[in-house]
$ cat data04.pdb   # PDB, C-alpha atoms and all ligand atoms
ATOM      1  CA  MET N   1    -229.233 -61.466 -88.071
ATOM      2  CA  THR N   2    -225.865 -59.782 -87.710
ATOM      3  CA  LEU N   3    -224.667 -56.524 -86.210
ATOM      4  CA  ALA N   4    -225.095 -54.881 -89.615
ATOM      5  CA  ASP N   5    -228.860 -55.470 -89.334
ATOM      6  CA  TYR N   6    -228.907 -53.110 -86.339
ATOM      7  CA  VAL N   7    -225.970 -50.765 -86.856
ATOM      8  CA  ASN N   8    -224.702 -48.848 -89.875
ATOM      9  CA  THR N   9    -221.234 -50.352 -89.820
ATOM     10  CA  PHE N  10    -218.165 -49.168 -91.666
ATOM     11  CA  GLY N  11    -217.949 -52.561 -93.376
ATOM     12  CA  GLN N  12    -221.400 -52.406 -94.888
ATOM     13  CA  ASP N  13    -220.973 -48.773 -95.869
ATOM     14  CA  MET N  14    -217.794 -49.678 -97.753
ATOM     15  CA  VAL N  15    -219.565 -52.506 -99.606
ATOM     16  CA  ALA N  16    -222.451 -50.196-100.491
ATOM     17  CA  ARG N  17    -220.203 -47.446-101.814
ATOM     18  CA  HIS N  18    -217.337 -49.442-103.316
ATOM     19  CA  GLY N  19    -219.139 -52.611-104.339
ATOM     20  CA  GLU N  20    -216.833 -54.854-102.347
ATOM     21  CA  ARG N  21    -215.272 -55.303 -98.945
ATOM     22  CA  VAL N  22    -212.747 -52.658 -97.942
ATOM     23  CA  HIS N  23    -210.689 -53.153 -94.795
ATOM     24  CA  LYS N  24    -208.421 -50.851 -92.882
ATOM     25  CA  ILE N  25    -204.770 -51.831 -92.510
ATOM     26  CA  ALA N  26    -203.267 -50.313 -89.361
ATOM     27  CA  ILE N  27    -200.027 -48.464 -90.045
ATOM     28  CA  ASP N  28    -197.379 -47.256 -87.622
ATOM     29  CA  ALA N  29    -195.483 -44.568 -89.515
ATOM     30  CA  GLY N  30    -193.238 -43.718 -86.567
ATOM     31  CA  PHE N  31    -194.967 -40.475 -85.648
ATOM     32  CA  SER N  32    -194.656 -38.989 -82.191
ATOM     33  CA  CYS N  33    -197.246 -37.185 -80.081
ATOM     34  CA  PRO N  34    -197.238 -33.537 -78.956
ATOM     35  CA  ASN N  35    -198.762 -34.595 -75.653
ATOM     36  CA  ARG N  36    -195.638 -36.600 -74.936
ATOM     37  CA  ASP N  37    -192.796 -34.427 -76.155
ATOM     38  CA  GLY N  38    -193.746 -31.260 -74.280
ATOM     39  CA  SER N  39    -195.068 -29.199 -77.171
ATOM     40  CA  LYS N  40    -198.658 -29.703 -75.926
ATOM     41  CA  GLY N  41    -198.070 -31.605 -72.739
ATOM     42  CA  HIS N  42    -195.871 -34.010 -70.846
ATOM     43  CA  GLY N  43    -196.469 -37.622 -69.923
ATOM     44  CA  GLY N  44    -199.302 -38.208 -72.378
ATOM     45  CA  CYS N  45    -202.877 -39.209 -71.651
ATOM     46  CA  THR N  46    -203.194 -41.106 -68.397
ATOM     47  CA  PHE N  47    -204.475 -44.187 -70.255
ATOM     48  CA  CYS N  48    -201.756 -44.160 -72.936
ATOM     49  CA  ASN N  49    -199.235 -46.944 -72.655
ATOM     50  CA  ASN N  50    -195.906 -45.322 -71.731
ATOM     51  CA  ALA N  51    -193.907 -48.504 -72.060
ATOM     52  CA  SER N  52    -194.547 -48.735 -75.777
ATOM     53  CA  PHE N  53    -193.555 -45.146 -76.386
ATOM     54  CA  SER N  54    -189.974 -44.463 -77.304
ATOM     55  CA  PRO N  55    -189.982 -42.081 -80.243
ATOM     56  CA  ASN N  56    -186.245 -42.274 -80.728
ATOM     57  CA  GLY N  57    -185.919 -46.011 -80.545
ATOM     58  CA  ARG N  58    -189.174 -46.923 -82.300
ATOM     59  CA  LYS N  59    -188.418 -48.012 -85.824
ATOM     60  CA  PRO N  60    -191.492 -49.488 -87.442
ATOM     61  CA  PRO N  61    -191.060 -51.499 -90.662
ATOM     62  CA  PRO N  62    -191.390 -49.631 -93.969
ATOM     63  CA  ILE N  63    -194.986 -48.720 -94.818
ATOM     64  CA  ALA N  64    -194.940 -50.931 -97.928
ATOM     65  CA  ASN N  65    -194.001 -53.928 -95.772
ATOM     66  CA  GLN N  66    -196.728 -53.170 -93.246
ATOM     67  CA  ILE N  67    -199.285 -52.979 -96.046
ATOM     68  CA  ALA N  68    -198.073 -56.207 -97.634
ATOM     69  CA  ALA N  69    -198.287 -58.021 -94.294
ATOM     70  CA  GLY N  70    -201.706 -56.510 -93.506
ATOM     71  CA  LYS N  71    -203.088 -57.465 -96.916
ATOM     72  CA  GLN N  72    -201.998 -61.044 -96.477
ATOM     73  CA  VAL N  73    -203.679 -61.411 -93.099
ATOM     74  CA  ILE N  74    -206.900 -59.577 -93.999
ATOM     75  CA  ARG N  75    -207.279 -61.257 -97.378
ATOM     76  CA  LYS N  76    -206.974 -64.666 -95.749
ATOM     77  CA  ARG N  77    -209.375 -63.791 -92.933
ATOM     78  CA  THR N  78    -212.048 -61.856 -94.812
ATOM     79  CA  GLY N  79    -211.419 -62.121 -98.542
ATOM     80  CA  ALA N  80    -211.160 -58.305 -98.820
ATOM     81  CA  ARG N  81    -209.049 -57.136-101.751
ATOM     82  CA  LYS N  82    -209.252 -53.373-101.269
ATOM     83  CA  TYR N  83    -207.903 -51.447 -98.301
ATOM     84  CA  LEU N  84    -207.602 -48.133 -96.526
ATOM     85  CA  ALA N  85    -204.230 -47.364 -94.980
ATOM     86  CA  TYR N  86    -205.154 -46.516 -91.394
ATOM     87  CA  PHE N  87    -202.439 -44.331 -89.909
ATOM     88  CA  GLN N  88    -203.234 -45.299 -86.353
ATOM     89  CA  ALA N  89    -200.261 -45.105 -84.021
ATOM     90  CA  TYR N  90    -199.858 -41.868 -82.084
ATOM     91  CA  THR N  91    -200.496 -38.526 -83.866
ATOM     92  CA  ASN N  92    -200.419 -39.037 -87.600
ATOM     93  CA  THR N  93    -200.518 -35.391 -88.636
ATOM     94  CA  TYR N  94    -197.691 -34.334 -86.321
ATOM     95  CA  ALA N  95    -194.937 -33.514 -88.823
ATOM     96  CA  ASP N  96    -194.203 -31.030 -91.556
ATOM     97  CA  ILE N  97    -196.396 -31.234 -94.610
ATOM     98  CA  GLY N  98    -193.668 -32.618 -96.863
ATOM     99  CA  HIS N  99    -193.055 -35.521 -94.513
ATOM    100  CA  LEU N 100    -196.762 -36.213 -94.163
ATOM    101  CA  ARG N 101    -197.260 -36.245 -97.917
ATOM    102  CA  ALA N 102    -194.323 -38.640 -98.340
ATOM    103  CA  GLN N 103    -195.752 -41.042 -95.743
ATOM    104  CA  TYR N 104    -199.275 -40.970 -97.141
ATOM    105  CA  ASP N 105    -197.992 -41.315-100.726
ATOM    106  CA  GLN N 106    -196.072 -44.438 -99.763
ATOM    107  CA  ALA N 107    -199.309 -46.041 -98.608
ATOM    108  CA  LEU N 108    -201.213 -44.952-101.703
ATOM    109  CA  ASP N 109    -198.496 -46.391-103.942
ATOM    110  CA  ASP N 110    -200.055 -49.792-103.377
ATOM    111  CA  PRO N 111    -202.707 -50.268-106.076
ATOM    112  CA  ASP N 112    -205.013 -52.077-103.650
ATOM    113  CA  VAL N 113    -205.027 -49.148-101.220
ATOM    114  CA  ILE N 114    -207.956 -46.938-102.226
ATOM    115  CA  GLY N 115    -207.637 -44.351 -99.501
ATOM    116  CA  LEU N 116    -206.463 -43.197 -96.110
ATOM    117  CA  SER N 117    -207.831 -43.009 -92.623
ATOM    118  CA  ILE N 118    -205.743 -40.606 -90.562
ATOM    119  CA  GLY N 119    -205.921 -40.797 -86.771
ATOM    120  CA  THR N 120    -204.929 -37.675 -84.920
ATOM    121  CA  ARG N 121    -205.632 -35.170 -82.157
ATOM    122  CA  PRO N 122    -208.068 -32.276 -82.660
ATOM    123  CA  ASP N 123    -205.316 -29.758 -81.894
ATOM    124  CA  CYS N 124    -203.049 -31.150 -84.593
ATOM    125  CA  VAL N 125    -204.899 -30.465 -87.830
ATOM    126  CA  PRO N 126    -203.713 -27.139 -89.231
ATOM    127  CA  PRO N 127    -205.224 -25.877 -92.507
ATOM    128  CA  ALA N 128    -202.300 -27.206 -94.577
ATOM    129  CA  VAL N 129    -202.964 -30.761 -93.351
ATOM    130  CA  LEU N 130    -206.674 -30.517 -94.096
ATOM    131  CA  ASP N 131    -205.900 -29.103 -97.549
ATOM    132  CA  LEU N 132    -203.603 -32.054 -98.193
ATOM    133  CA  LEU N 133    -206.305 -34.536 -97.217
ATOM    134  CA  ALA N 134    -208.882 -32.692 -99.318
ATOM    135  CA  ASP N 135    -206.469 -32.870-102.237
ATOM    136  CA  TYR N 136    -206.270 -36.676-101.925
ATOM    137  CA  ARG N 137    -210.055 -36.803-101.705
ATOM    138  CA  ASP N 138    -210.322 -34.691-104.869
ATOM    139  CA  GLN N 139    -208.053 -37.195-106.620
ATOM    140  CA  GLY N 140    -210.703 -39.835-105.927
ATOM    141  CA  TYR N 141    -209.316 -41.463-102.792
ATOM    142  CA  GLU N 142    -211.536 -42.426 -99.864
ATOM    143  CA  ILE N 143    -210.334 -40.152 -97.079
ATOM    144  CA  TRP N 144    -211.271 -40.147 -93.400
ATOM    145  CA  LEU N 145    -210.002 -37.839 -90.690
ATOM    146  CA  GLU N 146    -210.244 -39.608 -87.325
ATOM    147  CA  LEU N 147    -210.276 -37.203 -84.398
ATOM    148  CA  GLY N 148    -209.668 -38.444 -80.864
ATOM    149  CA  LEU N 149    -211.965 -36.342 -78.714
ATOM    150  CA  GLN N 150    -212.950 -38.938 -76.081
ATOM    151  CA  SER N 151    -215.205 -36.548 -74.104
ATOM    152  CA  ILE N 152    -216.713 -33.089 -74.550
ATOM    153  CA  PHE N 153    -216.081 -32.302 -70.874
ATOM    154  CA  ASP N 154    -212.964 -30.225 -70.304
ATOM    155  CA  THR N 155    -212.800 -31.382 -66.680
ATOM    156  CA  THR N 156    -212.544 -34.969 -67.898
ATOM    157  CA  LEU N 157    -210.032 -34.067 -70.615
ATOM    158  CA  GLU N 158    -207.939 -32.343 -67.975
ATOM    159  CA  ARG N 159    -208.271 -35.259 -65.593
ATOM    160  CA  VAL N 160    -206.900 -37.689 -68.173
ATOM    161  CA  ASN N 161    -204.274 -35.157 -69.306
ATOM    162  CA  ARG N 162    -205.429 -34.980 -72.914
ATOM    163  CA  GLY N 163    -203.649 -31.654 -73.416
ATOM    164  CA  HIS N 164    -206.515 -30.211 -75.471
ATOM    165  CA  SER N 165    -210.041 -29.028 -74.774
ATOM    166  CA  LEU N 166    -213.380 -29.157 -76.562
ATOM    167  CA  ILE N 167    -212.766 -25.867 -78.304
ATOM    168  CA  GLU N 168    -209.932 -27.292 -80.416
ATOM    169  CA  TYR N 169    -212.203 -30.120 -81.485
ATOM    170  CA  GLU N 170    -214.947 -27.697 -82.485
ATOM    171  CA  GLN N 171    -212.465 -25.708 -84.565
ATOM    172  CA  ALA N 172    -211.115 -28.867 -86.203
ATOM    173  CA  ILE N 173    -214.608 -30.021 -87.129
ATOM    174  CA  ARG N 174    -215.457 -26.601 -88.545
ATOM    175  CA  ASP N 175    -212.261 -26.572 -90.627
ATOM    176  CA  ALA N 176    -212.830 -30.122 -91.863
ATOM    177  CA  GLN N 177    -216.430 -29.337 -92.767
ATOM    178  CA  ALA N 178    -215.326 -26.286 -94.727
ATOM    179  CA  ARG N 179    -213.406 -28.753 -96.924
ATOM    180  CA  HIS N 180    -216.182 -31.359 -96.926
ATOM    181  CA  LEU N 181    -213.858 -33.919 -95.374
ATOM    182  CA  ASN N 182    -215.305 -37.014 -93.764
ATOM    183  CA  THR N 183    -214.631 -37.054 -90.051
ATOM    184  CA  CYS N 184    -214.852 -39.896 -87.578
ATOM    185  CA  THR N 185    -214.848 -38.925 -83.908
ATOM    186  CA  HIS N 186    -213.539 -41.225 -81.187
ATOM    187  CA  LEU N 187    -215.345 -41.323 -77.825
ATOM    188  CA  ILE N 188    -214.331 -43.338 -74.769
ATOM    189  CA  VAL N 189    -216.940 -44.915 -72.505
ATOM    190  CA  GLY N 190    -215.954 -45.250 -68.844
ATOM    191  CA  LEU N 191    -213.658 -42.263 -68.384
ATOM    192  CA  PRO N 192    -212.853 -41.400 -64.756
ATOM    193  CA  GLY N 193    -215.538 -39.301 -63.119
ATOM    194  CA  GLU N 194    -218.004 -39.844 -65.960
ATOM    195  CA  THR N 195    -221.420 -41.500 -65.914
ATOM    196  CA  GLU N 196    -223.557 -42.670 -68.805
ATOM    197  CA  ASP N 197    -225.108 -39.219 -68.867
ATOM    198  CA  HIS N 198    -221.712 -37.672 -69.687
ATOM    199  CA  VAL N 199    -221.199 -40.028 -72.620
ATOM    200  CA  ILE N 200    -224.672 -39.332 -73.934
ATOM    201  CA  GLN N 201    -224.023 -35.597 -73.769
ATOM    202  CA  SER N 202    -220.716 -36.108 -75.583
ATOM    203  CA  LEU N 203    -222.458 -38.081 -78.306
ATOM    204  CA  ASP N 204    -225.249 -35.540 -78.705
ATOM    205  CA  HIS N 205    -222.806 -32.649 -78.946
ATOM    206  CA  VAL N 206    -220.636 -34.397 -81.509
ATOM    207  CA  LEU N 207    -223.699 -35.277 -83.594
ATOM    208  CA  MET N 208    -224.957 -31.736 -83.376
ATOM    209  CA  LEU N 209    -221.615 -30.403 -84.664
ATOM    210  CA  GLY N 210    -221.697 -32.866 -87.551
ATOM    211  CA  VAL N 211    -219.663 -35.999 -88.111
ATOM    212  CA  GLN N 212    -219.944 -38.795 -90.616
ATOM    213  CA  GLY N 213    -218.437 -41.527 -88.459
ATOM    214  CA  LEU N 214    -218.016 -42.581 -84.843
ATOM    215  CA  LYS N 215    -215.793 -44.916 -82.892
ATOM    216  CA  LEU N 216    -216.642 -46.024 -79.377
ATOM    217  CA  HIS N 217    -214.391 -47.897 -77.064
ATOM    218  CA  PRO N 218    -214.173 -48.825 -73.415
ATOM    219  CA  LEU N 219    -211.456 -47.338 -71.260
ATOM    220  CA  HIS N 220    -208.778 -49.994 -70.853
ATOM    221  CA  VAL N 221    -206.384 -50.062 -67.982
ATOM    222  CA  VAL N 222    -203.075 -51.138 -69.476
ATOM    223  CA  LYS N 223    -199.636 -51.586 -68.016
ATOM    224  CA  GLY N 224    -197.245 -48.666 -67.895
ATOM    225  CA  THR N 225    -199.914 -45.979 -67.507
ATOM    226  CA  ARG N 226    -200.881 -43.510 -64.842
ATOM    227  CA  LEU N 227    -204.380 -44.913 -65.040
ATOM    228  CA  ALA N 228    -202.961 -48.279 -63.970
ATOM    229  CA  ASN N 229    -201.611 -46.654 -60.806
ATOM    230  CA  ASP N 230    -205.017 -45.075 -60.118
ATOM    231  CA  TRP N 231    -206.666 -48.461 -60.651
ATOM    232  CA  ARG N 232    -204.219 -50.243 -58.320
ATOM    233  CA  ARG N 233    -204.925 -47.656 -55.625
ATOM    234  CA  GLY N 234    -208.661 -48.210 -56.096
ATOM    235  CA  GLU N 235    -209.133 -44.690 -57.437
ATOM    236  CA  TYR N 236    -210.456 -45.847 -60.776
ATOM    237  CA  GLN N 237    -213.140 -48.489 -61.201
ATOM    238  CA  PRO N 238    -213.569 -49.825 -64.770
ATOM    239  CA  LEU N 239    -217.021 -50.409 -66.211
ATOM    240  CA  SER N 240    -218.588 -53.834 -66.008
ATOM    241  CA  TYR N 241    -219.334 -55.717 -69.228
ATOM    242  CA  GLU N 242    -223.067 -55.116 -68.711
ATOM    243  CA  GLN N 243    -222.589 -51.379 -68.132
ATOM    244  CA  TYR N 244    -220.546 -51.040 -71.298
ATOM    245  CA  VAL N 245    -222.913 -53.053 -73.478
ATOM    246  CA  HIS N 246    -226.035 -51.232 -72.284
ATOM    247  CA  THR N 247    -224.414 -47.798 -72.577
ATOM    248  CA  VAL N 248    -223.268 -48.505 -76.125
ATOM    249  CA  VAL N 249    -226.729 -49.735 -77.074
ATOM    250  CA  ASP N 250    -228.200 -46.506 -75.683
ATOM    251  CA  LEU N 251    -225.706 -44.506 -77.758
ATOM    252  CA  ILE N 252    -226.416 -46.479 -80.933
ATOM    253  CA  GLU N 253    -230.155 -45.984 -80.503
ATOM    254  CA  ARG N 254    -229.630 -42.196 -80.223
ATOM    255  CA  THR N 255    -227.454 -42.033 -83.341
ATOM    256  CA  PRO N 256    -229.058 -41.101 -86.677
ATOM    257  CA  PRO N 257    -229.059 -44.043 -89.087
ATOM    258  CA  ASP N 258    -226.770 -42.380 -91.646
ATOM    259  CA  ILE N 259    -223.825 -42.074 -89.254
ATOM    260  CA  ILE N 260    -221.231 -44.788 -89.842
ATOM    261  CA  TYR N 261    -219.952 -46.723 -86.860
ATOM    262  CA  HIS N 262    -216.314 -47.536 -87.544
ATOM    263  CA  ARG N 263    -216.059 -49.353 -84.228
ATOM    264  CA  ILE N 264    -218.248 -50.105 -81.222
ATOM    265  CA  THR N 265    -215.624 -51.645 -78.980
ATOM    266  CA  ALA N 266    -211.897 -52.194 -78.836
ATOM    267  CA  THR N 267    -209.563 -54.716 -77.365
ATOM    268  CA  ALA N 268    -206.070 -54.582 -75.909
ATOM    269  CA  SER N 269    -203.436 -57.264 -76.151
ATOM    270  CA  ARG N 270    -203.401 -59.642 -73.222
ATOM    271  CA  ASP N 271    -199.774 -58.943 -72.360
ATOM    272  CA  ILE N 272    -200.578 -55.351 -71.381
ATOM    273  CA  LEU N 273    -204.281 -55.435 -70.416
ATOM    274  CA  LEU N 274    -204.883 -55.145 -66.663
ATOM    275  CA  ALA N 275    -208.624 -54.410 -66.538
ATOM    276  CA  PRO N 276    -211.405 -54.925 -67.267
ATOM    277  CA  ASP N 277    -210.945 -58.577 -68.261
ATOM    278  CA  TRP N 278    -213.870 -58.597 -70.662
ATOM    279  CA  CYS N 279    -212.053 -56.111 -72.913
ATOM    280  CA  ALA N 280    -209.942 -59.005 -74.147
ATOM    281  CA  HIS N 281    -213.025 -60.597 -75.734
ATOM    282  CA  LYS N 282    -214.010 -58.286 -78.559
ATOM    283  CA  TRP N 283    -216.552 -60.646 -80.124
ATOM    284  CA  LYS N 284    -218.278 -61.298 -76.838
ATOM    285  CA  VAL N 285    -218.844 -57.552 -76.518
ATOM    286  CA  ILE N 286    -220.031 -57.162 -80.118
ATOM    287  CA  ASN N 287    -222.371 -60.124 -79.782
ATOM    288  CA  GLY N 288    -223.663 -58.732 -76.483
ATOM    289  CA  ILE N 289    -224.472 -55.373 -78.096
ATOM    290  CA  GLU N 290    -226.248 -57.084 -80.984
ATOM    291  CA  SER N 291    -228.170 -59.288 -78.580
ATOM    292  CA  VAL N 292    -229.402 -56.346 -76.461
ATOM    293  CA  LEU N 293    -230.516 -54.465 -79.590
ATOM    294  CA  ARG N 294    -232.380 -57.590 -80.703
ATOM    295  CA  CYS N 295    -234.053 -58.009 -77.291
ATOM    296  CA  ARG N 296    -235.088 -54.348 -77.180
ATOM    297  CA  HIS N 297    -236.392 -54.506 -80.777
ATOM    298  CA  THR N 298    -234.396 -51.376 -81.557
ATOM    299  CA  ARG N 299    -231.607 -50.401 -83.926
ATOM    300  CA  GLN N 300    -229.442 -47.419 -84.758
ATOM    301  CA  GLY N 301    -231.637 -44.346 -84.814
ATOM    302  CA  SER N 302    -234.576 -45.862 -82.922
ATOM    303  CA  HIS N 303    -234.292 -43.208 -80.233
ATOM    304  CA  CYS N 304    -232.635 -40.534 -82.273
ATOM    305  CA  VAL N 305    -233.419 -37.226 -80.579
ATOM    306  CA  SER N 306    -231.923 -34.844 -83.068
ATOM    307  CA  GLY N 307    -233.983 -33.639 -85.975
ATOM    308  CA  LEU N 308    -230.720 -32.739 -87.655
ATOM    309  CA  SER N 309    -229.163 -35.810 -89.161
ATOM    310  CA  PRO N 310    -225.622 -34.584 -89.602
ATOM    311  CA  SER N 311    -224.644 -35.715 -93.019
ATOM    312  CA  THR N 312    -224.449 -37.951 -95.932
ATOM    313  CA  VAL N 313    -221.037 -39.140 -96.901
ATOM    314  CA  LEU N 314    -218.567 -37.717 -99.388
ATOM    315  CA  GLU N 315    -218.466 -35.230-102.208
ATOM    316  CA  GLY N 316    -219.592 -32.339-100.052
ATOM    317  CA  SER N 317    -223.111 -33.673 -99.899
ATOM    318  CA  ARG N 318    -223.716 -32.446 -96.375
ATOM    319  CA  PRO N 319    -226.835 -30.265 -96.404
ATOM    320  CA  ASP N 320    -226.181 -26.550 -96.349
ATOM    321  CA  ASP N 321    -228.715 -26.028 -93.592
ATOM    322  CA  ARG N 322    -226.608 -28.193 -91.300
ATOM    323  CA  ARG N 323    -223.445 -26.232 -92.021
ATOM    324  CA  GLN N 324    -225.314 -23.022 -91.278
ATOM    325  CA  PHE N 325    -226.656 -24.514 -88.090
ATOM    326  CA  VAL N 326    -223.160 -25.473 -86.977
ATOM    327  CA  ALA N 327    -221.788 -22.056 -87.854
ATOM    328  CA  ARG N 328    -224.530 -20.426 -85.813
ATOM    329  CA  THR N 329    -224.083 -22.753 -82.900
ATOM    330  CA  LEU N 330    -220.309 -22.547 -82.420
TER     331      LEU N 330
HETATM  332  S1  LIG J 401    -202.882 -38.230 -77.790
HETATM  333 FE1  LIG J 401    -202.810 -40.430 -78.267
HETATM  334  S2  LIG J 401    -200.617 -40.925 -78.511
HETATM  335 FE2  LIG J 401    -200.749 -38.929 -77.508
HETATM  336  S3  LIG J 401    -200.597 -39.405 -75.333
HETATM  337 FE3  LIG J 401    -202.794 -39.320 -75.819
HETATM  338  S4  LIG J 401    -203.397 -41.426 -76.354
HETATM  339 FE4  LIG J 401    -201.133 -41.328 -76.358
END
$ encode --input "data04.pdb" --output "structure tokens" --more "lines below"
Ligand code: SF4
Amino acid sequence: MTLADYVNTFGQDMVARHGERVHKIAIDAGFSCPNRDGSKGHGGCTFCNNASFSPNGRKPPPIANQIAAGKQVIRKRTGARKYLAYFQAYTNTYADIGHLRAQYDQALDDPDVIGLSIGTRPDCVPPAVLDLLADYRDQGYEIWLELGLQSIFDTTLERVNRGHSLIEYEQAIRDAQARHLNTCTHLIVGLPGETEDHVIQSLDHVLMLGVQGLKLHPLHVVKGTRLANDWRRGEYQPLSYEQYVHTVVDLIERTPPDIIYHRITATASRDILLAPDWCAHKWKVINGIESVLRCRHTRQGSHCVSGLSPSTVLEGSRPDDRRQFVARTL
């Protein structure tokens, strides 16, 4: 048995829909972040690594080179021959539309790149950006909008200095749904002041609003962050490995089976990771989650509480009744 026997993973969804493995290649297109430059906030999120952030000095390699390098590594490791360009670093919709189109087009110039996954903040997706993504989707590309929400609780968002609140996320989801765009929401487990109950409420709310994909990851304490100072002072206590694994299993069990898990944990490079240590061992965490699901004889959806499964993927196939429900609820 593998994780895919218990969880609807992005990898297996790609094989089912494209007939072969499709992997994401992480791209740094040199974007900045409005929560760093003062337009939304100053200093960034408390967990965001300040040391690596120098918008003026940061000169990532050309996108074509990043894709070529990524293809080489992934092809060797997994055999995948098709890819999504994952615009990951910072806020990848934070520029004028002409610049965004030029960056995305560069990635799509590679014949092996069949689509885009665009990581951004919920307060940074104006209609023109969503129209652009919908246009790529209409051309036949696989398009995902990845929204970093992290928590539905405004007190938590304020505490970690996210610079946006839940309401911007709700608007972004509504606008994306109006264009039938696939969205993947990011949630963090272990945020300061939060318990498992908070994360469960965040998950339930996000599912109720309607998403097609989810990413979960543990809160890392990395060097050069305000969170690191809190941790050194004993004001922030990271989750234990067991807490993380059991919380994620609880979340997976509550998630309808058609939702695609793009990620269930994340790692940080050893040179910047301060705590918790177990975050450095991605496969140990994934194997632990699989093992707990096996022991509990459960899988994704086993304890799904919502009668409203949010969606099926692509081509505007989300049921109308769900859209109406969301419109009524917001
Ligand atoms: S929104 Fe992202 S890039 Fe911007 S400060 Fe927060 S974590 Fe860092």
$ closest_residue --input "data04.pdb" --among "N:His297, N:His262, N:Arg254, N:His180" --to "Leu214 (chain N)" --atoms "all atoms listed in the file"
N:His262
$ axis_aligned_box --input "data04.pdb" --around "ligand LIG 401 (chain J)" --padding-each-side "5 Å" --output "AutoDock Vina command-line options"
--center_x -202.0 --center_y -39.8 --center_z -76.9 --size_x 12.8 --size_y 13.2 --size_z 13.2
$ closest_residue --input "data04.pdb" --among "N:Cys33, N:Ala172, N:Val160, N:Leu239" --to "ligand LIG 401 (chain J)" --atoms "only C-alpha atoms and all ligand atoms"
N:Cys33
$ residues_near_ligand --input "data04.pdb" --ligand "ligand LIG 401 (chain J)" --cutoff "10 Å" --atoms "all atoms listed in the file" --output "count of residues only"
40
$ resolve_selection --input "data04.pdb" --expression "the PyMOL selection byres (((chain N and resi 171) around 12) and not hetatm)" --output "list of chain:residue names"
N:Arg121, N:Pro122, N:Asp123, N:Cys124, N:Val125, N:Pro126, N:Pro127, N:Leu147, N:His164, N:Ser165, N:Leu166, N:Ile167, N:Glu168, N:Tyr169, N:Glu170, N:Ala172, N:Ile173, N:Arg174, N:Asp175, N:Ala176, N:Gln177, N:Ala178, N:Leu209, N:Val326, N:Ala327, N:Leu330
$ closest_atom_pairs --input "data04.pdb" --of "region 202-254 of chain N" --to "region 266-281 of chain N" --cutoff "7 Å" --atoms "all atoms listed in the file" --output "Markdown table"
| residue | atom | partner | partner_atom | distance |
| --- | --- | --- | --- | --- |
| N:His217 | CA | N:Ala266 | CA | 5.3 |
| N:Pro218 | CA | N:Ala266 | CA | 6.8 |
| N:His220 | CA | N:Ala275 | CA | 6.2 |
| N:Val221 | CA | N:Ala275 | CA | 5.1 |
| N:Val222 | CA | N:Leu273 | CA | 4.6 |
| N:Lys223 | CA | N:Ile272 | CA | 5.1 |
| N:Pro238 | CA | N:Pro276 | CA | 6.1 |
| N:Tyr241 | CA | N:Trp278 | CA | 6.3 |
$ resolve_selection --input "data04.pdb" --expression "the PyMOL selection byres (((chain N and resi 249-252) around 8) and not hetatm)" --output "list in words"
Val7, Ile200, Leu203, Val245, His246, Thr247, Val248, Glu253, Arg254, Thr255, Ile289, Val292, Leu293, Arg299, Gln300 and Gly301 of chain N
$ atom_distance --input "data04.pdb" --atom1 "CA of Asp28 (chain N)" --atom2 "CA of Ile143 (chain N)"
17.5 Å
$ resolve_selection --input "data04.pdb" --expression "the PyMOL selection byres (((chain N and resi 100) around 12) and not hetatm)" --output "PyMOL selection string"
chain N and resi 29-31+87+91-99+101-107+118+125+128-130+132-133
$ atom_distance --input "data04.pdb" --atom1 "CA of Arg77 (chain N)" --atom2 "CA of Val189 (chain N)"
28.8 Å
$ atom_distance --input "data04.pdb" --atom1 "CA of Lys24 (chain N)" --atom2 "CA of Arg58 (chain N)"
22.3 Å
$ build_atoms --input "data04.pdb" --residues "region 83-91 of chain N" --atoms "N, CA and C atoms" --output "PDB file, in the coordinates of the input"
ATOM      1  N   TYR N  83    -208.287 -51.832 -99.664  1.00  0.00           N
ATOM      2  CA  TYR N  83    -207.903 -51.447 -98.301  1.00  0.00           C
ATOM      3  C   TYR N  83    -207.805 -49.930 -98.151  1.00  0.00           C
ATOM      4  N   LEU N  84    -207.986 -49.492 -96.902  1.00  0.00           N
ATOM      5  CA  LEU N  84    -207.602 -48.133 -96.526  1.00  0.00           C
ATOM      6  C   LEU N  84    -206.375 -48.248 -95.642  1.00  0.00           C
ATOM      7  N   ALA N  85    -205.392 -47.414 -95.878  1.00  0.00           N
ATOM      8  CA  ALA N  85    -204.230 -47.364 -94.980  1.00  0.00           C
ATOM      9  C   ALA N  85    -204.648 -46.540 -93.765  1.00  0.00           C
ATOM     10  N   TYR N  86    -204.711 -47.188 -92.621  1.00  0.00           N
ATOM     11  CA  TYR N  86    -205.154 -46.516 -91.394  1.00  0.00           C
ATOM     12  C   TYR N  86    -203.918 -46.123 -90.588  1.00  0.00           C
ATOM     13  N   PHE N  87    -203.566 -44.849 -90.685  1.00  0.00           N
ATOM     14  CA  PHE N  87    -202.439 -44.331 -89.909  1.00  0.00           C
ATOM     15  C   PHE N  87    -202.939 -44.164 -88.470  1.00  0.00           C
ATOM     16  N   GLN N  88    -202.586 -45.144 -87.660  1.00  0.00           N
ATOM     17  CA  GLN N  88    -203.234 -45.299 -86.353  1.00  0.00           C
ATOM     18  C   GLN N  88    -202.360 -44.888 -85.174  1.00  0.00           C
ATOM     19  N   ALA N  89    -201.087 -45.247 -85.223  1.00  0.00           N
ATOM     20  CA  ALA N  89    -200.261 -45.105 -84.021  1.00  0.00           C
ATOM     21  C   ALA N  89    -199.886 -43.649 -83.737  1.00  0.00           C
ATOM     22  N   TYR N  90    -200.192 -43.209 -82.551  1.00  0.00           N
ATOM     23  CA  TYR N  90    -199.858 -41.868 -82.084  1.00  0.00           C
ATOM     24  C   TYR N  90    -200.544 -40.783 -82.925  1.00  0.00           C
ATOM     25  N   THR N  91    -199.839 -39.686 -83.250  1.00  0.00           N
ATOM     26  CA  THR N  91    -200.496 -38.526 -83.866  1.00  0.00           C
ATOM     27  C   THR N  91    -200.026 -38.402 -85.310  1.00  0.00           C
TER      28      THR N  91
END
